[in-house]
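Visitor: Next up is a structure, given as structure tokens.
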Amino acid sequence: MSDDDIDESLLPDRETCDKLCQEFARVTNTDSACAQFFLQDRQWDLQRSINAYFKTKSSESQDNDDDDVEAELDVPKSLKLVSWNLDGLDEKSLPKRTKFVCQIINCELPDVVFFQEVIPETLSLIEKYLPAYDIFQGNDVNYFVVILTKRSTIKCSDHRVIPFATSVMYRNLLVVEGKISDIPLVLMTSHLESTKEHSDERIKQLRTVFKQALDACDQNTTVLVGGDFNMRDQELEKVGGIPAGLEDLWITCGSRPECRYTWDMTRNDNLIFQGRIKPRCRFDRLYMAPSSPARLKPEHFGLIGLERIKSCGRFPSDHWGLTTRFSLEN
């Protein structure tokens with residue numbers, strides 16, 4: 001998403017936009033930020049936006065006692081996944097940065113979102129501004145990982161947290177099971193131990209992630225696993241490389257060089273680095289263990305969050321977000 005992608009001739013003038021936001025907020029008892037999310041996605045049609053908001057809220061509060069009634073799901077032709085470390089430990093402009101991430105998610109409309117480095121304060125914003133998603137947490141204190149699944153396309157059946165017993169940084173593996181259309185999915189995200197000094201622990205955690213992903217995969221089930229793995233290539237070599245049965249989605253989708261580095265201080269200056277040579281790393285990774293035959297076909301891998309937030313001059317995070325799209329095979 002960038003300013004160049006928006007045809008401003010199709011937008012109402014600023015005064016009209018403000019009035020529409022105020023009216024939306026009054027009717028829905030929300031605020032202008034929530035109003036913008038719904039109005040922008042519906043060409044500033046007030047009635048359509050209000051109807052969409054209440055439809056979303058109604059589906060959230062649907063009576064779960066009626067187990068015989070299945071929620072009606074969209075029939076998707078593709079699956080889109082986003083993974084992003086939100087840098088929740090950096091307090092600078094954190095509410096603005098988190099709201100901007102939510103705006104990007106509402107524009108991209110992924111079916112699945114992996115967030116890392118979420119804190120309770122930013123989780124509240126995610127819950128508020130992404131009401132179309134079910135949210136699963138790896139923890140609820142300090143900082144933690146989160147998986148979001150779009151309620152209209154993903155039906156979830158179970159979730160669990162697998163702890164890393166020797167982590168000193170609250171790290172674990174969050175697992176969500178579900179389906180898109182009739183395709184069974186296992187979704188996994190983690191934020192592996194940080195910094196060079198904790199390489200041994202990170203390698204141990206990486207082995208666990210790979211084993212859990214392969215154990216969850218079977219002939220019918222597709223496993224999607226990723227997050228901020230803080231990984232150095234030599235650490236991947238120490239575990240024997242990518243295991244048979246798993247594929248690196250950046251590589252599968254063509255290894256585009258402009259998408260290689262997900263933490264890139266030559267382009268992202270949210271963090272100040274005084275050294276002459278600025279580091280860049282492929283810390284964030286996405287892997288797939290396909291079913292047999294494969295029901296999800298990777299078609300695109302890219303980066304998001306590359307634009308600055310005009311009101312604060314910062315990027316949404318010190319990490320770029322990863323986005324990938326799959327076609328669904330019958």
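Letters A, B, ... mark the chains of the structure tokens in the order given; residue numbers begin at 1 per chain; ligand numbers begin at 1, in order shown.
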Going by DSSP on the backbone, which bits of stretch 57-196 of chain A are strand (DSSP E)? Write them as a ChimeraX atom specification, please.
Guide: /A:78-85,112-118,133-137,144-150,154-163,172-180,183-191
Visitor: For A:Leu20, find every residue with an atom within 12 Å (counting only C-alpha atoms), except residues of its own chain fewer than 2 positions away, and show them as an NGL selection string.
Guide: :A and (11-18 or 22-27 or 31-36 or 38-40 or 43-50)
Visitor: Please produce a file of those selected residues containing N, CA and C atoms, as an mmCIF file, in the first residue's frame.
Guide:
```cif
data_model
loop_
_atom_site.group_PDB
_atom_site.id
_atom_site.type_symbol
_atom_site.label_atom_id
_atom_site.label_comp_id
_atom_site.auth_asym_id
_atom_site.auth_seq_id
_atom_site.Cartn_x
_atom_site.Cartn_y
_atom_site.Cartn_z
ATOM 1 N N LEU A 11 -11.921 10.116 -4.146
ATOM 2 C CA LEU A 11 -12.183 10.366 -2.741
ATOM 3 C C LEU A 11 -13.038 11.614 -2.557
ATOM 4 N N PRO A 12 -13.917 11.638 -1.548
ATOM 5 C CA PRO A 12 -14.601 12.882 -1.196
ATOM 6 C C PRO A 12 -13.581 13.911 -0.720
ATOM 7 N N ASP A 13 -14.000 15.173 -0.673
ATOM 8 C CA ASP A 13 -13.088 16.177 -0.149
ATOM 9 C C ASP A 13 -12.917 15.970 1.349
ATOM 10 N N ARG A 14 -11.911 16.648 1.909
ATOM 11 C CA ARG A 14 -11.548 16.400 3.310
ATOM 12 C C ARG A 14 -12.696 16.676 4.256
ATOM 13 N N GLU A 15 -13.436 17.756 4.010
ATOM 14 C CA GLU A 15 -14.540 18.100 4.909
ATOM 15 C C GLU A 15 -15.606 17.022 4.896
ATOM 16 N N THR A 16 -15.897 16.495 3.705
ATOM 17 C CA THR A 16 -16.894 15.424 3.604
ATOM 18 C C THR A 16 -16.411 14.166 4.297
ATOM 19 N N CYS A 17 -15.124 13.831 4.114
ATOM 20 C CA CYS A 17 -14.562 12.658 4.787
ATOM 21 C C CYS A 17 -14.690 12.780 6.307
ATOM 22 N N ASP A 18 -14.386 13.948 6.822
ATOM 23 C CA ASP A 18 -14.489 14.171 8.268
ATOM 24 C C ASP A 18 -15.925 13.979 8.754
ATOM 25 N N GLN A 22 -17.300 11.161 11.364
ATOM 26 C CA GLN A 22 -18.007 11.537 12.578
ATOM 27 C C GLN A 22 -19.355 10.830 12.675
ATOM 28 N N GLU A 23 -20.056 10.738 11.547
ATOM 29 C CA GLU A 23 -21.361 10.100 11.558
ATOM 30 C C GLU A 23 -21.234 8.588 11.796
ATOM 31 N N PHE A 24 -20.231 7.980 11.144
ATOM 32 C CA PHE A 24 -19.980 6.543 11.365
ATOM 33 C C PHE A 24 -19.674 6.294 12.842
ATOM 34 N N ALA A 25 -18.790 7.104 13.414
ATOM 35 C CA ALA A 25 -18.404 6.930 14.813
ATOM 36 C C ALA A 25 -19.597 7.125 15.741
ATOM 37 N N ARG A 26 -20.478 8.084 15.417
ATOM 38 C CA ARG A 26 -21.657 8.337 16.253
ATOM 39 C C ARG A 26 -22.606 7.143 16.232
ATOM 40 N N VAL A 27 -22.872 6.626 15.046
ATOM 41 C CA VAL A 27 -23.834 5.526 14.915
ATOM 42 C C VAL A 27 -23.294 4.234 15.520
ATOM 43 N N ASP A 31 -14.723 5.203 16.849
ATOM 44 C CA ASP A 31 -13.956 6.436 16.709
ATOM 45 C C ASP A 31 -13.584 6.639 15.248
ATOM 46 N N SER A 32 -12.874 7.744 14.962
ATOM 47 C CA SER A 32 -12.597 8.104 13.573
ATOM 48 C C SER A 32 -11.650 7.118 12.896
ATOM 49 N N ALA A 33 -10.730 6.529 13.661
ATOM 50 C CA ALA A 33 -9.804 5.568 13.057
ATOM 51 C C ALA A 33 -10.549 4.334 12.571
ATOM 52 N N CYS A 34 -11.438 3.800 13.401
ATOM 53 C CA CYS A 34 -12.261 2.665 12.984
ATOM 54 C C CYS A 34 -13.141 3.058 11.793
ATOM 55 N N ALA A 35 -13.680 4.260 11.830
ATOM 56 C CA ALA A 35 -14.504 4.736 10.726
ATOM 57 C C ALA A 35 -13.716 4.748 9.417
ATOM 58 N N GLN A 36 -12.502 5.232 9.459
ATOM 59 C CA GLN A 36 -11.685 5.276 8.248
ATOM 60 C C GLN A 36 -11.448 3.890 7.686
ATOM 61 N N PHE A 38 -13.311 1.218 7.777
ATOM 62 C CA PHE A 38 -14.480 0.679 7.094
ATOM 63 C C PHE A 38 -14.863 1.530 5.880
ATOM 64 N N LEU A 39 -14.787 2.843 6.005
ATOM 65 C CA LEU A 39 -15.195 3.719 4.907
ATOM 66 C C LEU A 39 -14.246 3.628 3.713
ATOM 67 N N GLN A 40 -12.939 3.603 3.982
ATOM 68 C CA GLN A 40 -11.981 3.553 2.890
ATOM 69 C C GLN A 40 -12.138 2.297 2.047
ATOM 70 N N GLN A 43 -15.347 2.681 -0.536
ATOM 71 C CA GLN A 43 -15.443 3.901 -1.356
ATOM 72 C C GLN A 43 -16.236 5.000 -0.654
ATOM 73 N N TRP A 44 -16.101 5.061 0.679
ATOM 74 C CA TRP A 44 -16.714 6.102 1.499
ATOM 75 C C TRP A 44 -18.247 6.106 1.422
ATOM 76 N N ASP A 45 -18.815 4.923 1.175
ATOM 77 C CA ASP A 45 -20.261 4.759 1.225
ATOM 78 C C ASP A 45 -20.660 4.530 2.678
ATOM 79 N N LEU A 46 -21.301 5.502 3.280
ATOM 80 C CA LEU A 46 -21.571 5.468 4.721
ATOM 81 C C LEU A 46 -22.467 4.298 5.098
ATOM 82 N N GLN A 47 -23.560 4.099 4.385
ATOM 83 C CA GLN A 47 -24.498 3.047 4.772
ATOM 84 C C GLN A 47 -23.879 1.668 4.614
ATOM 85 N N ARG A 48 -23.166 1.438 3.526
ATOM 86 C CA ARG A 48 -22.494 0.151 3.336
ATOM 87 C C ARG A 48 -21.485 -0.097 4.462
ATOM 88 N N SER A 49 -20.773 0.942 4.840
ATOM 89 C CA SER A 49 -19.751 0.799 5.880
ATOM 90 C C SER A 49 -20.374 0.487 7.238
ATOM 91 N N ILE A 50 -21.449 1.177 7.569
ATOM 92 C CA ILE A 50 -22.139 0.906 8.839
ATOM 93 C C ILE A 50 -22.694 -0.510 8.844
#
```
Visitor: Would you pick out the contacts of stretch 233-242 of chain A at 10 Å or less, using only C-alpha atoms, so that residues sharing its chain but fewer than 4 positions from it are not included, and give the list as a PyMOL selection string?
Guide: chain A and resi 199-200+202-204+206-207+210+246-248+281-283+287
Visitor: Using only N, CA, C and O atoms, please write the residues we just selected to a file, as a short mmCIF file (atom, residue, chain, number, x, y, z; two decimals), in the first residue's frame.
Guide:
```cif
data_model
loop_
_atom_site.label_atom_id
_atom_site.label_comp_id
_atom_site.auth_asym_id
_atom_site.auth_seq_id
_atom_site.Cartn_x
_atom_site.Cartn_y
_atom_site.Cartn_z
N SER A 199 22.61 -17.78 20.33
CA SER A 199 22.53 -18.64 19.14
C SER A 199 22.21 -20.09 19.50
O SER A 199 21.39 -20.73 18.83
N ASP A 200 22.83 -20.63 20.54
CA ASP A 200 22.61 -22.04 20.88
C ASP A 200 21.15 -22.30 21.24
O ASP A 200 20.56 -23.30 20.81
N ARG A 202 18.60 -20.47 20.27
CA ARG A 202 17.82 -20.26 19.05
C ARG A 202 17.86 -21.51 18.16
O ARG A 202 16.84 -21.90 17.58
N ILE A 203 19.02 -22.12 18.05
CA ILE A 203 19.15 -23.34 17.24
C ILE A 203 18.27 -24.46 17.83
O ILE A 203 17.60 -25.20 17.11
N LYS A 204 18.27 -24.57 19.16
CA LYS A 204 17.43 -25.58 19.82
C LYS A 204 15.96 -25.31 19.51
O LYS A 204 15.18 -26.24 19.21
N LEU A 206 14.76 -23.69 16.93
CA LEU A 206 14.52 -23.93 15.51
C LEU A 206 14.29 -25.42 15.24
O LEU A 206 13.42 -25.79 14.45
N ARG A 207 15.07 -26.27 15.88
CA ARG A 207 14.87 -27.72 15.73
C ARG A 207 13.46 -28.10 16.17
O ARG A 207 12.79 -28.92 15.51
N PHE A 210 10.86 -26.94 13.48
CA PHE A 210 10.88 -27.80 12.30
C PHE A 210 10.23 -29.15 12.61
O PHE A 210 9.45 -29.69 11.81
N LEU A 246 9.79 -29.59 3.99
CA LEU A 246 9.53 -28.17 4.20
C LEU A 246 10.13 -27.37 3.06
O LEU A 246 11.19 -27.74 2.52
N GLU A 247 9.49 -26.27 2.70
CA GLU A 247 10.06 -25.38 1.69
C GLU A 247 10.02 -23.94 2.17
O GLU A 247 9.07 -23.52 2.84
N ASP A 248 11.05 -23.20 1.85
CA ASP A 248 11.19 -21.79 2.18
C ASP A 248 10.42 -21.00 1.11
O ASP A 248 10.75 -21.06 -0.07
N CYS A 281 19.53 -8.29 7.45
CA CYS A 281 19.43 -9.72 7.71
C CYS A 281 18.06 -10.24 7.27
O CYS A 281 17.08 -9.50 7.23
N ARG A 282 18.02 -11.54 6.97
CA ARG A 282 16.75 -12.20 6.68
C ARG A 282 16.30 -12.93 7.94
O ARG A 282 16.26 -14.15 8.00
N PHE A 283 15.94 -12.13 8.95
CA PHE A 283 15.53 -12.70 10.23
C PHE A 283 14.18 -13.40 10.12
O PHE A 283 13.93 -14.40 10.80
N TYR A 287 7.72 -20.81 5.99
CA TYR A 287 7.90 -22.14 5.44
C TYR A 287 6.53 -22.79 5.24
O TYR A 287 5.55 -22.46 5.92
#
```
Visitor: Write down as a ChimeraX atom specification the residues belonging to stretch 16-264 of chain A that are assigned helix (DSSP H, G or I) by DSSP computed on the backbone.
Guide: /A:16-28,32-40,46-60,94-108,120-129,196-216,233-238,249-252,257-259
Visitor: Hey, could you make a per-residue contact list for stretch 231-254 of chain A against stretch 304-324 of chain A with 10 Å as the cut-off, showing the nearest pair of atoms and its distance in Å to one decimal, counting only C-alpha atoms, sorted by chain and number, as CSV?
Guide:
```
residue,atom,partner,partner_atom,distance
A:Leu249,CA,A:Thr324,CA,7.9
A:Trp250,CA,A:Thr324,CA,8.7
A:Cys253,CA,A:Thr324,CA,8.9
```
Visitor: Got time to write the residues from that selection, N, CA and C atoms, as a PDB file, in the first residue's frame?
Guide:
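File part08.pdb, as written:
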```pdb
ATOM      1  N   LEU A 249       9.397 -20.262   1.521  1.00  0.00           N
ATOM      2  CA  LEU A 249       8.509 -19.633   0.548  1.00  0.00           C
ATOM      3  C   LEU A 249       9.176 -18.498  -0.209  1.00  0.00           C
ATOM      4  N   TRP A 250      10.159 -17.845   0.363  1.00  0.00           N
ATOM      5  CA  TRP A 250      10.905 -16.833  -0.393  1.00  0.00           C
ATOM      6  C   TRP A 250      11.630 -17.503  -1.561  1.00  0.00           C
ATOM      7  N   CYS A 253       9.131 -18.899  -4.273  1.00  0.00           N
ATOM      8  CA  CYS A 253       8.523 -17.847  -5.094  1.00  0.00           C
ATOM      9  C   CYS A 253       9.554 -17.049  -5.890  1.00  0.00           C
TER      10      CYS A 253
END
```
Visitor: Point out the residue among A:Asp111, A:Glu121, A:Asp158, A:Glu177 with the least atom-to-atom distance to A:Tyr133, counting only C-alpha atoms.
Guide: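 The closest residue to A:Tyr133 is A:Asp111.
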Visitor: Out of A:Arg267, A:Lys80, A:Lys96, A:Lys278, which residue has the shortest atom-to-atom distance to A:Lys297 when counting only C-alpha atoms?
Guide: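 Residue with the minimum atom-to-atom distance to A:Lys297: A:Lys80.
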Visitor: Leaving out A:Arg325 and any residue of its chain fewer than 3 positions from it, which residues lie within 9 Å of it when counting only C-alpha atoms, given as an MDAnalysis selection string?
Guide: chainID A and resid 78:82 110 297:301
Visitor: Might you pull out every residue within 10 Å of stretch 159-167 of chain A, with only C-alpha atoms counted and same-chain residues fewer than 5 positions away left off, and present them as a ChimeraX atom specification?
Guide: /A:136-139,147,172-178,186-188,190,192-193,198,201-202,204-205,208-209,212
Visitor: Can you work out the spacing between atom CA of A:Ala213 and atom CA of A:Asp74 in Å, to one decimal?
Guide: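 Spanning atom CA of A:Ala213 to atom CA of A:Asp74 is a straight-line distance of 27.1 Å.
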Visitor: Give me, as a ChimeraX atom specification, all polymer residues having an atom no more than 10 Å from A:Leu125, counting only C-alpha atoms and skipping those fewer than 6 positions away in the same chain.
Guide: /A:95,98-99,102
